[in-house]
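Dumped upload33.txt below, it's compact mmCIF, C-alpha atoms and all ligand atoms:
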```txt
# COMPACT_ATOMS: atom_id res chain seq x y z
CA MET A 1 -55.85 -101.54 21.75
CA ARG A 2 -55.79 -101.34 18.00
CA ARG A 3 -56.44 -97.64 18.16
CA LEU A 4 -53.62 -97.23 20.63
CA VAL A 5 -51.20 -99.11 18.39
CA SER A 6 -52.15 -97.15 15.29
CA GLY A 7 -51.96 -93.94 17.34
CA MET A 8 -48.46 -94.84 18.44
CA MET A 9 -47.52 -95.69 14.90
CA ALA A 10 -48.79 -92.33 13.74
CA VAL A 11 -46.72 -90.58 16.39
CA ALA A 12 -43.66 -92.62 15.43
CA LEU A 13 -44.19 -91.77 11.78
CA LEU A 14 -44.58 -88.12 12.62
CA LEU A 15 -41.37 -88.11 14.65
CA TRP A 16 -39.55 -89.96 11.93
CA SER A 17 -40.70 -87.60 9.20
CA ALA A 18 -40.05 -84.53 11.35
CA ASP A 19 -36.55 -85.85 11.81
CA ALA A 20 -36.12 -86.47 8.10
CA TRP A 21 -37.68 -83.10 7.33
CA CYS A 22 -35.31 -81.26 9.61
CA GLY A 23 -32.50 -83.12 7.89
CA ARG A 24 -30.87 -84.34 11.04
CA SER A 25 -28.85 -86.96 9.24
CA VAL A 26 -26.05 -85.69 7.07
CA LYS A 27 -24.11 -87.60 4.43
CA LEU A 28 -20.60 -86.22 3.98
CA GLY A 29 -18.37 -87.37 1.13
CA VAL A 30 -14.58 -87.48 0.83
CA VAL A 31 -12.70 -89.39 -1.84
CA THR A 32 -9.73 -90.29 0.34
CA LYS A 33 -9.19 -92.96 3.00
CA PRO A 34 -8.95 -92.64 6.80
CA GLY A 35 -5.72 -90.94 7.83
CA SER A 36 -5.94 -88.52 4.88
CA ALA A 37 -6.16 -84.73 5.18
CA GLN A 38 -9.78 -84.65 3.98
CA ASN A 39 -10.74 -87.33 6.50
CA VAL A 40 -9.02 -85.53 9.38
CA CYS A 41 -11.17 -82.48 8.65
CA ALA A 42 -14.36 -84.48 8.10
CA GLU A 43 -13.93 -86.55 11.26
CA LYS A 44 -13.20 -83.50 13.40
CA PHE A 45 -16.25 -81.75 11.96
CA LYS A 46 -18.44 -84.78 12.72
CA GLU A 47 -17.12 -85.00 16.27
CA LEU A 48 -17.73 -81.30 16.96
CA LEU A 49 -21.18 -81.14 15.38
CA GLU A 50 -22.49 -84.32 16.98
CA ALA A 51 -21.26 -83.22 20.41
CA GLN A 52 -23.33 -80.04 20.18
CA SER A 53 -26.47 -81.13 18.34
CA ASP A 54 -28.58 -84.11 17.37
CA PHE A 55 -27.19 -84.14 13.83
CA GLU A 56 -25.80 -87.47 12.75
CA VAL A 57 -22.98 -87.23 10.25
CA THR A 58 -22.07 -90.28 8.18
CA ILE A 59 -18.76 -90.01 6.36
CA TYR A 60 -18.58 -91.79 3.00
CA HIS A 61 -14.91 -92.20 2.16
CA SER A 62 -12.37 -94.15 0.11
CA ALA A 63 -14.03 -93.42 -3.23
CA SER A 64 -17.21 -95.21 -2.11
CA LEU A 65 -19.21 -92.42 -3.75
CA GLY A 66 -16.97 -92.27 -6.82
CA THR A 67 -14.53 -89.55 -7.83
CA GLU A 68 -14.49 -86.04 -6.38
CA THR A 69 -16.29 -84.83 -9.50
CA GLN A 70 -19.00 -87.40 -8.87
CA ILE A 71 -19.27 -86.46 -5.19
CA LEU A 72 -19.74 -82.84 -6.21
CA GLN A 73 -22.56 -83.87 -8.55
CA GLN A 74 -24.20 -85.78 -5.69
CA ILE A 75 -23.93 -82.73 -3.46
CA GLN A 76 -25.56 -80.63 -6.17
CA MET A 77 -28.47 -83.10 -6.17
CA ASN A 78 -28.56 -83.22 -2.35
CA SER A 79 -28.25 -87.00 -2.33
CA VAL A 80 -25.10 -86.15 -0.38
CA GLN A 81 -25.34 -83.03 1.80
CA MET A 82 -21.70 -82.16 2.43
CA GLY A 83 -18.18 -82.75 1.21
CA VAL A 84 -14.52 -82.01 1.87
CA ILE A 85 -13.30 -81.88 -1.71
CA THR A 86 -10.03 -80.85 -3.33
CA ALA A 87 -10.40 -77.40 -4.92
CA GLY A 88 -9.11 -78.60 -8.33
CA PRO A 89 -12.25 -80.42 -9.53
CA PHE A 90 -14.45 -77.45 -8.62
CA ASP A 91 -13.20 -75.53 -11.63
CA VAL A 92 -15.40 -77.60 -13.94
CA PHE A 93 -18.44 -76.33 -12.03
CA VAL A 94 -17.24 -72.83 -11.11
CA PRO A 95 -14.34 -71.53 -13.24
CA GLU A 96 -13.36 -68.92 -10.63
CA ALA A 97 -12.35 -71.76 -8.29
CA ARG A 98 -9.24 -72.33 -10.39
CA VAL A 99 -7.58 -69.17 -9.10
CA ILE A 100 -6.67 -71.00 -5.87
CA GLY A 101 -4.52 -73.39 -7.90
CA TYR A 102 -2.90 -70.67 -10.01
CA PRO A 103 0.75 -71.66 -10.34
CA PHE A 104 3.20 -70.15 -7.86
CA LEU A 105 0.56 -67.80 -6.46
CA PHE A 106 1.12 -68.36 -2.75
CA GLY A 107 4.51 -67.94 -1.10
CA GLY A 108 3.71 -69.96 2.04
CA PHE A 109 1.09 -70.93 4.59
CA ALA A 110 0.84 -67.46 6.18
CA GLU A 111 -0.23 -66.00 2.83
CA VAL A 112 -2.62 -68.86 2.21
CA ASP A 113 -4.38 -68.30 5.53
CA ARG A 114 -4.64 -64.52 5.10
CA VAL A 115 -6.09 -64.78 1.60
CA LEU A 116 -8.40 -67.77 1.96
CA ASP A 117 -9.76 -66.67 5.35
CA GLY A 118 -10.07 -63.05 4.23
CA PRO A 119 -12.46 -61.21 1.88
CA ALA A 120 -10.99 -62.78 -1.29
CA GLY A 121 -11.63 -66.31 -0.01
CA GLU A 122 -15.09 -65.33 1.18
CA GLU A 123 -15.93 -63.90 -2.21
CA LEU A 124 -14.84 -67.14 -3.86
CA LEU A 125 -17.09 -69.13 -1.51
CA ARG A 126 -20.04 -66.94 -2.52
CA ARG A 127 -19.30 -67.57 -6.19
CA LEU A 128 -20.00 -71.27 -5.61
CA GLU A 129 -23.66 -70.60 -4.86
CA PRO A 130 -25.04 -70.53 -8.42
CA ALA A 131 -23.67 -74.09 -8.70
CA HIS A 132 -25.72 -75.07 -5.59
CA PHE A 133 -22.75 -75.23 -3.23
CA LYS A 134 -22.67 -73.47 0.11
CA GLY A 135 -18.97 -72.81 0.75
CA LEU A 136 -18.10 -73.21 4.43
CA GLY A 137 -14.35 -72.70 4.23
CA PHE A 138 -11.05 -74.10 3.07
CA SER A 139 -9.24 -76.96 4.68
CA GLU A 140 -5.89 -78.00 3.30
CA ASN A 141 -4.48 -80.48 0.86
CA GLY A 142 -1.11 -78.68 0.72
CA PHE A 143 1.51 -77.51 -1.75
CA ARG A 144 1.76 -80.01 -4.58
CA HIS A 145 5.04 -81.60 -5.63
CA LEU A 146 5.97 -83.69 -8.65
CA THR A 147 6.85 -87.38 -8.54
CA ASN A 148 7.74 -89.68 -11.42
CA ASN A 149 9.28 -93.00 -12.18
CA LYS A 150 11.30 -92.13 -15.27
CA ARG A 151 14.13 -89.81 -14.31
CA PRO A 152 15.24 -87.16 -11.84
CA VAL A 153 13.48 -83.90 -12.66
CA HIS A 154 15.48 -80.79 -11.91
CA THR A 155 14.42 -78.24 -14.51
CA VAL A 156 11.19 -77.94 -16.43
CA GLU A 157 12.91 -79.42 -19.47
CA ASP A 158 13.09 -82.75 -17.63
CA VAL A 159 9.29 -82.87 -17.56
CA SER A 160 9.17 -83.11 -21.32
CA GLY A 161 6.93 -85.95 -22.50
CA LEU A 162 6.19 -87.38 -19.05
CA LYS A 163 2.81 -89.09 -18.95
CA ILE A 164 1.37 -87.37 -15.91
CA ARG A 165 -1.89 -87.99 -14.15
CA VAL A 166 -3.65 -84.75 -13.24
CA MET A 167 -6.84 -84.08 -11.30
CA GLU A 168 -10.13 -83.81 -13.13
CA ALA A 169 -9.62 -80.05 -13.30
CA VAL A 170 -9.40 -77.91 -16.40
CA LEU A 171 -6.50 -75.86 -15.05
CA ASP A 172 -4.26 -78.79 -14.18
CA LYS A 173 -4.48 -80.32 -17.61
CA GLU A 174 -3.67 -77.01 -19.30
CA LEU A 175 -0.84 -76.26 -16.90
CA TRP A 176 0.96 -79.56 -17.40
CA ARG A 177 0.56 -79.33 -21.13
CA LEU A 178 2.23 -75.92 -20.97
CA LEU A 179 5.06 -77.34 -18.87
CA GLY A 180 5.73 -79.90 -21.60
CA ALA A 181 4.19 -83.05 -20.11
CA ASN A 182 1.50 -85.30 -21.49
CA PRO A 183 -1.35 -84.94 -18.96
CA THR A 184 -4.27 -87.32 -18.42
CA PRO A 185 -7.06 -86.27 -16.04
CA MET A 186 -8.15 -89.07 -13.70
CA GLY A 187 -10.07 -89.36 -10.47
CA TRP A 188 -8.43 -90.52 -7.27
CA PRO A 189 -6.85 -93.02 -6.36
CA ILE A 190 -4.18 -93.79 -8.96
CA TYR A 191 -1.83 -96.33 -7.37
CA THR A 192 -2.66 -99.10 -9.86
CA GLU A 193 -2.10 -96.86 -12.88
CA LEU A 194 1.29 -95.81 -11.52
CA GLN A 195 2.19 -99.40 -10.70
CA GLN A 196 1.23 -100.66 -14.12
CA GLY A 197 3.05 -97.82 -15.81
CA THR A 198 -0.01 -96.47 -17.61
CA ILE A 199 1.26 -93.17 -16.26
CA ASP A 200 4.79 -92.11 -15.29
CA ALA A 201 4.15 -89.21 -13.00
CA GLN A 202 1.73 -87.46 -10.67
CA GLU A 203 1.76 -84.44 -8.38
CA ASN A 204 0.40 -84.15 -4.87
CA PRO A 205 1.25 -82.92 -1.38
CA LEU A 206 3.69 -84.94 0.72
CA TRP A 207 0.98 -86.49 2.91
CA VAL A 208 -0.66 -88.04 -0.16
CA ILE A 209 2.58 -89.56 -1.40
CA ALA A 210 3.21 -90.98 2.08
CA THR A 211 -0.32 -92.12 3.00
CA TYR A 212 -0.97 -93.75 -0.35
CA LYS A 213 2.53 -95.28 -0.43
CA LEU A 214 3.28 -93.78 -3.82
CA PHE A 215 6.96 -94.08 -2.91
CA GLU A 216 6.59 -97.78 -3.77
CA VAL A 217 5.81 -96.94 -7.39
CA GLN A 218 7.50 -93.55 -7.88
CA LYS A 219 11.26 -93.20 -7.57
CA TYR A 220 11.78 -89.46 -7.96
CA LEU A 221 10.35 -86.58 -5.97
CA THR A 222 10.90 -82.98 -6.98
CA LEU A 223 9.85 -80.29 -4.50
CA THR A 224 8.20 -78.06 -7.04
CA GLY A 225 5.42 -76.70 -4.81
CA HIS A 226 4.00 -75.49 -8.10
CA VAL A 227 0.50 -74.91 -6.79
CA TYR A 228 -1.29 -74.68 -3.48
CA SER A 229 -4.10 -77.18 -3.21
CA ALA A 230 -6.97 -76.37 -0.87
CA HIS A 231 -10.05 -78.37 -0.10
CA ILE A 232 -13.31 -76.51 -0.38
CA ASP A 233 -15.65 -77.62 2.38
CA VAL A 234 -19.18 -77.40 1.06
CA ALA A 235 -22.82 -78.23 1.66
CA ASN A 236 -25.73 -78.39 -0.72
CA LEU A 237 -26.93 -74.77 -0.82
CA GLU A 238 -30.68 -75.40 -0.68
CA TRP A 239 -30.36 -77.99 2.09
CA PHE A 240 -28.18 -75.63 4.11
CA ASN A 241 -30.44 -72.62 3.60
CA GLY A 242 -33.44 -74.68 4.64
CA LEU A 243 -31.97 -75.32 8.10
CA PRO A 244 -32.88 -73.16 11.11
CA GLU A 245 -30.44 -70.29 11.62
CA ALA A 246 -28.98 -71.78 14.80
CA ASP A 247 -28.07 -74.96 12.93
CA ARG A 248 -26.49 -73.04 10.08
CA LYS A 249 -24.39 -71.07 12.54
CA LEU A 250 -23.36 -74.22 14.35
CA ILE A 251 -22.36 -76.01 11.14
CA GLU A 252 -20.30 -73.02 10.02
CA GLN A 253 -18.63 -72.77 13.39
CA CYS A 254 -17.85 -76.50 13.62
CA MET A 255 -16.37 -76.47 10.13
CA LYS A 256 -14.18 -73.45 10.96
CA GLN A 257 -12.84 -75.26 14.01
CA ALA A 258 -12.28 -78.47 12.05
CA ILE A 259 -10.38 -76.46 9.42
CA ALA A 260 -8.08 -74.85 11.97
CA TYR A 261 -7.41 -78.24 13.52
CA GLN A 262 -6.78 -79.92 10.18
CA ARG A 263 -4.41 -77.26 8.80
CA GLN A 264 -2.36 -77.53 11.96
CA TRP A 265 -2.30 -81.34 11.64
CA ASN A 266 -1.14 -81.09 8.02
CA ARG A 267 1.61 -78.59 8.67
CA SER A 268 3.00 -80.12 11.81
CA ASN A 269 3.33 -83.52 10.13
CA GLU A 270 5.22 -82.42 7.01
CA ALA A 271 8.66 -83.41 8.30
CA GLU A 272 7.36 -86.83 9.22
CA PHE A 273 5.82 -87.34 5.79
CA MET A 274 9.14 -86.41 4.18
CA ALA A 275 10.99 -88.88 6.41
CA THR A 276 8.56 -91.62 5.32
CA LEU A 277 9.22 -90.88 1.66
CA LYS A 278 12.98 -90.96 2.11
CA GLN A 279 12.79 -94.19 4.09
CA GLY A 280 10.63 -95.54 1.30
CA GLY A 281 13.56 -95.02 -1.05
CA MET A 282 12.54 -91.90 -2.93
CA GLN A 283 15.28 -89.78 -4.41
CA VAL A 284 14.44 -86.20 -3.50
CA ASP A 285 15.43 -83.03 -5.35
CA ASP A 286 14.70 -80.38 -2.77
CA GLN A 287 16.20 -77.51 -4.73
CA PRO A 288 14.94 -77.79 -8.28
CA ASP A 289 15.30 -74.99 -10.80
CA LEU A 290 12.00 -73.38 -9.89
CA ALA A 291 12.66 -70.36 -12.09
CA SER A 292 12.47 -72.61 -15.14
CA PHE A 293 9.05 -73.88 -14.00
CA GLN A 294 7.83 -70.39 -13.15
CA HIS A 295 8.92 -69.05 -16.50
CA LYS A 296 6.90 -71.61 -18.46
CA ALA A 297 3.96 -71.61 -16.07
CA ALA A 298 3.58 -67.84 -16.41
CA ALA A 299 1.94 -68.38 -19.79
CA VAL A 300 -1.22 -69.75 -18.12
CA LYS A 301 -2.45 -66.21 -17.74
CA ASP A 302 -2.87 -65.97 -21.52
CA LEU A 303 -4.88 -69.17 -21.80
CA GLU A 304 -8.54 -69.07 -22.62
CA ILE A 305 -9.39 -70.61 -19.23
CA PHE A 306 -8.34 -67.33 -17.61
CA SER A 307 -9.97 -65.09 -20.19
CA GLY A 308 -13.51 -64.85 -18.79
CA GLU A 309 -14.42 -61.68 -16.91
CA ALA A 310 -15.45 -63.54 -13.73
CA VAL A 311 -12.24 -65.58 -13.57
CA GLN A 312 -10.09 -62.59 -14.42
CA SER A 313 -11.55 -60.40 -11.71
CA MET A 314 -11.25 -63.20 -9.17
CA LEU A 315 -7.63 -63.81 -10.12
CA LYS A 316 -6.85 -60.12 -9.77
CA ARG A 317 -8.53 -60.11 -6.39
CA PHE A 318 -6.44 -63.07 -5.23
CA GLN A 319 -3.21 -61.60 -6.58
CA GLU A 320 -3.85 -58.33 -4.79
CA ALA A 321 -4.72 -60.13 -1.59
CA VAL A 322 -1.50 -62.16 -1.79
CA ALA A 323 0.52 -58.98 -2.39
CA ALA A 324 -1.12 -57.35 0.62
CA ALA A 325 -0.47 -60.42 2.78
CA ARG A 326 3.16 -60.47 1.63
CA GLY A 327 3.58 -56.85 2.62
CA LYS A 328 2.57 -57.59 6.19
O1 LIG B 401 -6.28 -85.38 -1.88
O2 LIG B 401 -6.82 -86.18 -6.74
C1 LIG B 401 -5.87 -85.66 -6.14
O3 LIG B 401 -4.76 -85.54 -6.66
C2 LIG B 401 -6.04 -85.21 -4.73
O4 LIG B 401 -5.06 -84.35 -4.37
C3 LIG B 401 -6.07 -86.50 -3.93
O5 LIG B 401 -7.36 -86.95 -3.89
C4 LIG B 401 -5.63 -86.37 -2.53
```
The structure given in the file should be rewritten as structure tokens.
Ligand code: EAX
Amino acid sequence: MRRLVSGMMAVALLLWSADAWCGRSVKLGVVTKPGSAQNVCAEKFKELLEAQSDFEVTIYHSASLGTETQILQQIQMNSVQMGVITAGPFDVFVPEARVIGYPFLFGGFAEVDRVLDGPAGEELLRRLEPAHFKGLGFSENGFRHLTNNKRPVHTVEDVSGLKIRVMEAVLDKELWRLLGANPTPMGWPIYTELQQGTIDAQENPLWVIATYKLFEVQKYLTLTGHVYSAHIDVANLEWFNGLPEADRKLIEQCMKQAIAYQRQWNRSNEAEFMATLKQGGMQVDDQPDLASFQHKAAAVKDLEIFSGEAVQSMLKRFQEAVAAARGK
């Protein structure tokens, strides 16, 4: 009897360790809360993958793993296997990632899809590998717009001196300094800081302003659309490469489907998000003097953060891909 029990225990242990070895359980991190763009992608991915495999995906959300920068560090260490993370904070790890958020690069969603899903986007995903990230694709945060609680902003001059929270991204801090604001990098969320007036302003896509009820603490919205904000959907590179080929294919395919679903969700809800903001009492400038913003923002190209060979060649690649997409 004793032998039987210990035999069964050995089998159980073997099964358990085989399971752990194959990495059937996956931790996936997002900084945002349910109902957010990142979560829509993550939840769809989980649903698709679990329906077709014995993987179990646990989504850690609502900053339970810390900021996006901290989630990325955990993915690098493989204590978290996957993440749906805003592209901005990647630029600390991989400078080339900042080309996605280059100001006024993309003219609309059609260009975004052509470039990010084409060879330029694929090349960028490959460039993440030395930092231990396997890039699976780009889901969508959206075009970012400026909000503040000080005054209506119509031209770039109105930005002068605004204390603005920016993402923990090198580019964003430099950009807002160039535009004349006083930027402070901070992880997400930021409601309390806005409420307490530690900061006057922030910039994010419409869904963020609606979902996080920033209209309660920000009076003015300016539709600047100054940068496109993607998420980069990643896995720990070594973990991913250690999986059987069929699993790798399945994960890639499920993420592609989740991305398509999530982009559609984001885009088809824009009008509703805007209605929420207006109902919430925001004063919206939907035709700001964009030329004034573009003029000042153009100087980013001369900053040191765009001077490295790798970043420069990636930027050129993206600009050419956008031009080609525009021509179509
Ligand atoms: O996705 O930190 C940010 O501004 C992000 O855009 C936010 O987490 C929502």
Name the closest residue to ligand LIG 401 (chain B) among the candidates A:Phe306, A:Tyr228, A:Phe215, A:Phe55; distances are taken between atoms, counting all atoms listed in the file. A:Tyr228
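Those protein and nucleic acid residues that have any atom within 7 Å of ligand LIG 401 (chain B) are, using only C-alpha atoms and all ligand atoms, Val31, Thr32, Gln38, Thr86, Asn141, Val166, Met167, Gly187, Trp188, Pro189, Glu203, Asn204 and Val208 of chain A.
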Which residue gives the smallest distance to Ile232 (chain A) among A:His295, A:His61, A:Lys301, A:Lys134, with all atoms listed in the file counted? A:Lys134
Could you work out how far CA of Glu96 (chain A) lies from CA of Pro130 (chain A), giving the answer in Å with one decimal?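 Here the two named atoms are 12.0 Å from each other.
What separates CA of Thr155 (chain A) from CA of Asp289 (chain A) is a distance of 5.0 Å.
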Could you list as an NGL selection string every residue that has an atom within 8 Å of (2.7, -91.2, -5.7), using the file's coordinates and counting all atoms listed in the file? :A and (147-148 or 191 or 194 or 201-204 or 208-210 or 212-218)
What's around Gly242 (chain A) at 12 Å? Count all atoms listed in the file, leave out sequence neighbours fewer than 3 positions away in its own chain, and write the answer as a list in words. Trp21, Cys22, Gly23, Arg24, Gln81, Lys134, Ala235, Asn236, Leu237, Glu238, Trp239, Glu245, Ala246, Asp247 and Arg248 of chain A
Of the listed residues A:Leu290, A:Leu105, A:Thr67, A:Arg114, that which approaches Pro185 (chain A) most closely, counting all atoms listed in the file: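 Ranked by minimum distance to Pro185 (chain A), first place goes to A:Thr67.
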